[in-house]
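Undergrad: Here you go, this is run-v1.txt (compact mmCIF, C-alpha atoms).
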```
# COMPACT_ATOMS: atom_id res chain seq x y z
CA MET A 5 0.00 0.00 0.00
CA ALA A 6 1.32 3.42 -0.91
CA SER A 7 2.11 5.68 2.04
CA GLU A 8 -0.25 8.57 2.75
CA LYS A 9 0.86 12.04 1.72
CA THR A 10 -0.22 15.20 3.48
CA VAL A 11 -1.55 17.65 0.92
CA TYR A 12 -2.91 20.29 3.28
CA LYS A 13 -2.86 21.16 6.96
CA LYS A 14 -4.21 24.00 9.06
CA PRO A 15 -1.92 27.04 9.06
CA LYS A 16 -0.03 27.67 12.28
CA SER A 17 -1.24 31.26 12.10
CA LEU A 18 -4.82 30.13 12.76
CA THR A 19 -5.95 29.29 16.28
CA ASP A 20 -8.16 26.29 17.08
CA VAL A 21 -11.18 28.55 17.58
CA ASN A 22 -13.93 27.82 15.05
CA PHE A 23 -14.93 30.70 12.81
CA THR A 24 -18.17 32.30 13.96
CA TYR A 25 -19.03 34.00 10.67
CA CYS A 26 -22.34 33.29 8.96
CA TRP A 27 -22.59 30.44 6.47
CA GLY A 28 -21.12 31.39 3.12
CA CYS A 29 -19.40 34.54 4.41
CA GLY A 30 -16.12 35.35 2.66
CA HIS A 31 -14.32 36.42 5.84
CA SER A 32 -13.44 32.83 6.74
CA THR A 33 -11.78 32.23 3.38
CA VAL A 34 -9.78 35.46 3.51
CA HIS A 35 -8.74 34.79 7.12
CA LYS A 36 -7.38 31.40 6.06
CA LEU A 37 -5.51 32.87 3.10
CA ILE A 38 -3.87 35.48 5.32
CA ALA A 39 -2.82 32.79 7.77
CA GLU A 40 -1.30 30.71 4.97
CA ILE A 41 0.65 33.70 3.67
CA VAL A 42 1.92 34.60 7.12
CA ASP A 43 3.26 31.06 7.54
CA GLU A 44 4.82 31.03 4.09
CA LEU A 45 6.57 34.37 4.64
CA ASN A 46 7.58 33.39 8.19
CA ILE A 47 6.39 36.70 9.63
CA ARG A 48 4.10 35.46 12.40
CA GLU A 49 6.35 36.72 15.20
CA THR A 50 6.81 40.16 13.62
CA LEU A 51 3.26 40.73 12.37
CA ILE A 52 0.62 43.06 13.83
CA GLY A 53 -2.94 43.17 12.52
CA VAL A 54 -5.44 45.95 13.15
CA ALA A 55 -9.06 44.80 13.32
CA PRO A 56 -12.03 47.14 12.77
CA VAL A 57 -15.44 47.55 14.27
CA GLY A 58 -17.51 45.24 12.09
CA CYS A 59 -17.89 41.55 11.39
CA ALA A 60 -14.14 40.98 11.79
CA VAL A 61 -13.96 42.67 15.18
CA PHE A 62 -13.12 39.33 16.79
CA ALA A 63 -10.36 38.47 14.31
CA TYR A 64 -7.89 38.15 17.18
CA ASP A 65 -9.77 35.00 18.27
CA PHE A 66 -8.96 33.31 14.96
CA TRP A 67 -5.46 34.53 14.07
CA ASN A 68 -2.49 33.20 16.00
CA PHE A 69 -0.49 36.42 15.89
CA ASP A 70 -0.74 39.87 17.44
CA VAL A 71 -3.94 41.76 16.59
CA THR A 72 -5.24 44.97 18.10
CA GLU A 73 -8.56 46.74 17.68
CA ALA A 74 -9.25 50.26 16.50
CA ALA A 75 -12.21 52.58 16.91
CA HIS A 76 -14.74 52.42 14.08
CA GLY A 77 -13.02 53.46 10.84
CA ARG A 78 -9.72 54.36 12.49
CA ALA A 79 -7.71 51.23 11.65
CA PRO A 80 -5.37 53.03 9.18
CA VAL A 81 -4.52 55.65 11.82
CA VAL A 82 -3.74 53.01 14.45
CA ALA A 83 -1.73 51.00 11.91
CA THR A 84 0.23 54.13 10.93
CA ALA A 85 1.16 54.79 14.56
CA ILE A 86 2.25 51.18 15.12
CA LYS A 87 4.32 51.10 11.92
CA ARG A 88 6.06 54.38 12.69
CA VAL A 89 6.94 53.26 16.20
CA HIS A 90 7.90 49.76 15.03
CA PRO A 91 9.14 50.12 11.43
CA ASP A 92 10.63 46.63 11.64
CA LYS A 93 7.17 45.07 12.04
CA THR A 94 4.76 44.06 9.29
CA VAL A 95 1.46 45.86 9.95
CA PHE A 96 -1.84 45.40 8.16
CA CYS A 97 -5.41 46.70 8.37
CA TYR A 98 -8.40 44.45 7.79
CA GLN A 99 -11.56 46.50 7.18
CA GLY A 100 -15.08 46.14 5.86
CA ASP A 101 -16.91 48.55 3.59
CA GLY A 102 -19.12 50.03 6.29
CA ASP A 103 -16.09 50.63 8.50
CA MET A 104 -13.77 52.02 5.82
CA VAL A 105 -15.93 53.84 3.30
CA SER A 106 -18.31 55.56 5.72
CA ILE A 107 -16.94 56.72 9.06
CA GLY A 108 -13.39 55.83 8.09
CA LEU A 109 -13.24 57.46 4.65
CA ALA A 110 -10.99 60.35 5.71
CA GLU A 111 -8.60 58.05 7.54
CA ILE A 112 -7.99 55.68 4.64
CA MET A 113 -7.63 58.52 2.13
CA HIS A 114 -5.05 60.44 4.16
CA THR A 115 -3.15 57.25 5.01
CA ALA A 116 -2.99 56.38 1.33
CA ASN A 117 -2.04 59.93 0.35
CA ARG A 118 0.87 59.87 2.79
CA GLY A 119 2.06 56.65 1.22
CA GLU A 120 2.38 54.82 4.51
CA ASN A 121 4.22 51.52 4.07
CA LEU A 122 1.22 49.43 5.10
CA THR A 123 -0.89 46.59 3.78
CA VAL A 124 -4.63 47.30 3.71
CA ILE A 125 -7.17 44.53 3.09
CA PHE A 126 -10.66 45.76 2.26
CA ILE A 127 -13.63 43.37 2.40
CA ASN A 128 -16.49 44.70 0.28
CA ASN A 129 -19.84 42.96 0.77
CA THR A 130 -21.92 46.05 -0.09
CA ASN A 131 -23.68 46.41 3.27
CA TYR A 132 -23.21 46.82 7.01
CA GLY A 133 -22.93 43.12 7.76
CA MET A 134 -22.51 43.20 11.54
CA THR A 135 -25.38 45.50 12.45
CA GLY A 136 -28.21 44.13 10.34
CA GLY A 137 -27.55 44.80 6.68
CA GLN A 138 -28.02 48.55 6.40
CA LEU A 139 -27.16 50.56 3.28
CA ALA A 140 -23.40 51.10 2.92
CA PRO A 141 -21.53 53.57 0.71
CA THR A 142 -20.70 50.58 -1.50
CA SER A 143 -24.25 49.23 -1.86
CA LEU A 144 -25.25 48.85 -5.51
CA MET A 145 -27.88 50.96 -7.25
CA GLY A 146 -31.28 49.44 -6.55
CA GLN A 147 -29.94 47.27 -3.73
CA VAL A 148 -32.55 46.61 -1.07
CA THR A 149 -31.25 46.87 2.48
CA THR A 150 -32.80 47.41 5.89
CA THR A 151 -32.40 51.18 5.44
CA SER A 152 -33.21 51.29 1.71
CA PRO A 153 -36.33 49.10 1.46
CA ARG A 154 -37.13 50.48 -1.99
CA GLY A 155 -33.58 50.03 -3.20
CA ARG A 156 -30.68 52.46 -3.43
CA GLU A 157 -31.63 55.66 -5.25
CA ALA A 158 -29.09 58.20 -6.47
CA ALA A 159 -31.22 61.19 -5.43
CA LEU A 160 -31.50 59.90 -1.86
CA HIS A 161 -28.29 57.98 -1.27
CA GLY A 162 -25.80 59.00 -3.93
CA TYR A 163 -23.84 56.49 -6.00
CA PRO A 164 -21.76 53.50 -4.85
CA ILE A 165 -18.19 54.52 -4.04
CA LYS A 166 -15.39 52.64 -5.79
CA MET A 167 -12.63 52.74 -3.19
CA ALA A 168 -9.93 51.14 -5.32
CA GLU A 169 -10.41 53.66 -8.11
CA LEU A 170 -10.69 56.53 -5.62
CA LEU A 171 -7.32 55.72 -4.05
CA THR A 172 -5.58 55.27 -7.38
CA GLN A 173 -5.14 59.02 -7.80
CA PHE A 174 -2.83 59.34 -4.79
CA GLU A 175 0.87 59.30 -5.61
CA GLY A 176 1.65 57.56 -2.32
CA VAL A 177 -0.31 54.48 -3.37
CA LYS A 178 1.89 51.84 -5.00
CA TYR A 179 -0.35 48.80 -5.47
CA ILE A 180 -4.11 48.27 -5.82
CA GLU A 181 -5.91 45.13 -6.94
CA ARG A 182 -9.53 43.98 -6.75
CA VAL A 183 -10.30 40.27 -6.36
CA LYS A 184 -13.07 37.95 -5.18
CA VAL A 185 -13.48 34.61 -3.40
CA THR A 186 -16.39 32.92 -5.17
CA ASP A 187 -14.61 29.83 -6.53
CA ALA A 188 -11.28 28.00 -6.39
CA ALA A 189 -9.69 29.95 -9.24
CA SER A 190 -10.60 33.32 -7.73
CA VAL A 191 -9.36 32.24 -4.30
CA ILE A 192 -5.96 31.42 -5.81
CA LYS A 193 -5.83 34.86 -7.44
CA THR A 194 -6.82 36.50 -4.17
CA LYS A 195 -4.04 34.76 -2.30
CA LYS A 196 -1.53 35.92 -4.90
CA ALA A 197 -2.72 39.53 -4.56
CA LEU A 198 -2.64 39.43 -0.76
CA LYS A 199 0.84 37.95 -0.74
CA LYS A 200 2.09 40.67 -3.07
CA ALA A 201 0.63 43.31 -0.75
CA PHE A 202 2.53 41.86 2.20
CA LEU A 203 5.75 41.48 0.22
CA ASN A 204 5.50 45.09 -0.91
CA GLN A 205 5.55 46.22 2.70
CA ILE A 206 8.38 43.88 3.64
CA ASN A 207 10.40 45.21 0.70
CA GLY A 208 9.60 48.84 1.52
CA VAL A 209 7.59 49.48 -1.65
CA GLY A 210 4.86 51.47 0.09
CA PHE A 211 1.09 51.55 0.50
CA SER A 212 -0.68 48.45 -0.87
CA PHE A 213 -4.44 47.94 -1.07
CA VAL A 214 -6.37 44.76 -1.90
CA GLU A 215 -10.15 44.91 -2.26
CA VAL A 216 -11.95 41.57 -1.90
CA LEU A 217 -15.52 41.23 -3.15
CA SER A 218 -17.15 39.02 -0.55
CA SER A 219 -20.60 37.57 -0.03
CA CYS A 220 -23.03 38.28 2.81
CA PRO A 221 -25.73 35.63 2.34
CA ALA A 222 -27.44 36.34 5.66
CA ASN A 223 -28.16 40.00 4.93
CA TRP A 224 -28.60 39.52 1.20
CA ARG A 225 -31.26 36.87 1.98
CA MET A 226 -29.56 34.38 -0.34
CA ASP A 227 -28.08 30.91 0.01
CA PRO A 228 -24.26 30.81 -0.37
CA VAL A 229 -24.32 29.50 -3.95
CA THR A 230 -26.73 32.22 -5.10
CA ALA A 231 -24.72 34.85 -3.22
CA ASN A 232 -21.51 33.89 -5.02
CA ALA A 233 -23.33 33.97 -8.35
CA HIS A 234 -24.59 37.46 -7.44
CA ILE A 235 -20.99 38.60 -6.98
CA ASP A 236 -19.90 37.10 -10.29
CA LYS A 237 -22.81 38.52 -12.28
CA ASN A 238 -23.70 41.80 -10.63
CA ILE A 239 -21.20 43.09 -8.08
CA ALA A 240 -18.12 42.38 -10.19
CA ALA A 241 -19.84 44.16 -13.09
CA TYR A 242 -19.87 47.41 -11.11
CA TYR A 243 -16.59 46.79 -9.30
CA PRO A 244 -14.33 45.37 -12.07
CA LEU A 245 -11.78 42.78 -11.02
CA GLY A 246 -8.09 42.94 -11.73
CA LEU A 247 -4.92 44.93 -11.24
CA ILE A 248 -5.68 48.64 -10.94
CA LYS A 249 -2.31 50.13 -10.00
CA ASP A 250 1.17 48.71 -9.65
CA VAL A 251 4.06 51.16 -9.38
CA LYS A 252 7.33 49.33 -9.87
```
Rewrite the structure of this file - the entire thing - as structure tokens.

TA:
Amino acid sequence: MASEKTVYKKPKSLTDVNFTYCWGCGHSTVHKLIAEIVDELNIRETLIGVAPVGCAVFAYDFWNFDVTEAAHGRAPVVATAIKRVHPDKTVFCYQGDGDMVSIGLAEIMHTANRGENLTVIFINNTNYGMTGGQLAPTSLMGQVTTTSPRGREAALHGYPIKMAELLTQFEGVKYIERVKVTDAASVIKTKKALKKAFLNQINGVGFSFVEVLSSCPANWRMDPVTANAHIDKNIAAYYPLGLIKDVK
């Protein structure tokens, strides 16, 4: 009998705590990818994550490395302070769309404009996932939420904000890519983008930003399969995937 071969094992940078995210939520997948990258780059002992107020507020329960919390929307400011005090550390922000694009819009824009040597991971599920599915600055036109029961209307709510494109204009920004996690192929691409964002910081390239289109089946009132199809067909149509900026 041929000997068994290990093809996959849980990353050391994940704890043994089970994820508490809703079924089908993309946070679990992205958490795992980050943990894999941290192990591969051997940066677990020199890494500091900054968690937001939002669905990922308890990220420190799942990651087996140092993670601190920040006030709602202020993760880039906290990460900037940590990086400036500890320039030898690898520091990253992990934020949702409600956290970053609403109350935290000024913080992320000024951090990007300064060109801080940070890695920022932005999870875009087009609603306030933690607090009941309210309208977010990223919600699509016509999207029904708990605070837009008739769908998003431009005259009432404005238009969805494209963060990746918004940040592209700043000279301090060196790398921006938009990805998704709806199938195996897209997960592989997402891991590649995330790893590049971490390597950029390690190599002193500068501010790197990865936007991940992620599903929120609970608040979208969809099963996970339908939610992923919604990303592929509708959300990715408004938020185009791919490399947006890469300054060599």

Undergrad: For the atom pair atom CA of A:Gln147 and atom CA of A:Ile180, what is the interatomic distance in Å to one decimal place?

TA: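 Answer for the atom CA of A:Gln147 to atom CA of A:Ile180 separation: 25.9 Å.
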
Undergrad: Which residue gives the smallest distance to A:Leu170 among A:Ala75, A:Pro228, A:His114, A:Glu49, with only C-alpha atoms counted?

TA: A:His114

Undergrad: Measuring atom to atom with only C-alpha atoms, identify which of A:Ala60, A:Cys29, A:Ile125, A:Val54 is nearest to A:Pro221.

TA: A:Cys29

Undergrad: May I ask which of the residues A:Phe23, A:Leu122, A:Asn131, A:Asp103 is the closest one to A:Gly53, counting only C-alpha atoms?

TA: A:Leu122

Undergrad: Just the residues within 7 Å of A:Asn68, please, counting all atoms listed in the file, with nothing from its chain fewer than 4 positions along; format it as a ChimeraX atom specification.

TA: /A:17-19

Undergrad: Counting only C-alpha atoms, what is within 8 Å of stretch 202-219 of chain A, bar same-chain residues fewer than 6 positions away, as a VMD selection string?

TA: chain A and resid 28 to 31 94 116 119 to 129 168 176 to 186 194 228 231 to 232 235 239 to 240

Undergrad: Find, counting only C-alpha atoms, the residue in A:Glu8, A:Gly102, A:Glu111, A:Pro91 that gets nearest to A:Ala79.

TA: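 Of the candidates, the smallest distance to A:Ala79 is held by A:Glu111.
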
Undergrad: Using all atoms listed in the file, determine which residues lie at most 9 Å from A:Thr149, disregarding the query and same-chain residues fewer than 2 positions distant; provide the list as a list in words.

TA: Asn131, Gly136, Gly137, Gln138, Leu139, Ala140, Ser143, Gln147, Thr151, Ser152, Pro153, Arg154, Gly155, Arg156, Asn223 and Trp224 of chain A

Undergrad: With C-alpha atoms retained, export the selected residues as a PDB file, keeping the file's coordinate frame.

TA:
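Just written: part27.pdb:
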```pdb
ATOM      1  CA  ASN A 131     -23.680  46.410   3.270  1.00  0.00           C
ATOM      2  CA  GLY A 136     -28.210  44.130  10.340  1.00  0.00           C
ATOM      3  CA  GLY A 137     -27.550  44.800   6.680  1.00  0.00           C
ATOM      4  CA  GLN A 138     -28.020  48.550   6.400  1.00  0.00           C
ATOM      5  CA  LEU A 139     -27.160  50.560   3.280  1.00  0.00           C
ATOM      6  CA  ALA A 140     -23.400  51.100   2.920  1.00  0.00           C
ATOM      7  CA  SER A 143     -24.250  49.230  -1.860  1.00  0.00           C
ATOM      8  CA  GLN A 147     -29.940  47.270  -3.730  1.00  0.00           C
ATOM      9  CA  THR A 151     -32.400  51.180   5.440  1.00  0.00           C
ATOM     10  CA  SER A 152     -33.210  51.290   1.710  1.00  0.00           C
ATOM     11  CA  PRO A 153     -36.330  49.100   1.460  1.00  0.00           C
ATOM     12  CA  ARG A 154     -37.130  50.480  -1.990  1.00  0.00           C
ATOM     13  CA  GLY A 155     -33.580  50.030  -3.200  1.00  0.00           C
ATOM     14  CA  ARG A 156     -30.680  52.460  -3.430  1.00  0.00           C
ATOM     15  CA  ASN A 223     -28.160  40.000   4.930  1.00  0.00           C
ATOM     16  CA  TRP A 224     -28.600  39.520   1.200  1.00  0.00           C
TER      17      TRP A 224
END
```

Undergrad: Rounded to one decimal, what separation in Å do you get between atom CA of A:Gln173 and atom CA of A:Lys249?

TA: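 Interatomic distance, atom CA of A:Gln173 to atom CA of A:Lys249: 9.6 Å.
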
Undergrad: Pick out the closest residue to A:Ile112 from this set: A:Tyr132, A:Tyr98, A:Tyr163, A:Trp27. Count only C-alpha atoms.

TA: A:Tyr98

Undergrad: Pick out the closest residue to A:Val71 from this set: A:Val95, A:Lys87, A:Asp187, A:Val11. Count all atoms listed in the file.

TA: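 The closest residue to A:Val71 is A:Val95.
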
Undergrad: To one decimal in Å, tell me the separation between atom CA of A:Thr172 and atom CA of A:Tyr242.

TA: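 These two atoms are separated by 16.7 Å.
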
Undergrad: Check which residues of stretch 48-121 of chain A sit at most 10 Å from stretch 12-16 of chain A using only C-alpha atoms, and return one row each with the closest pair of atoms and their distance in Å to one decimal, ordered by chain and rising number, as a tab-separated table.

TA:
```
residue	atom	partner	partner_atom	distance
A:Arg48	CA	A:Lys16	CA	8.8
A:Trp67	CA	A:Lys16	CA	8.9
A:Asn68	CA	A:Lys16	CA	7.1
A:Phe69	CA	A:Lys16	CA	9.5
```
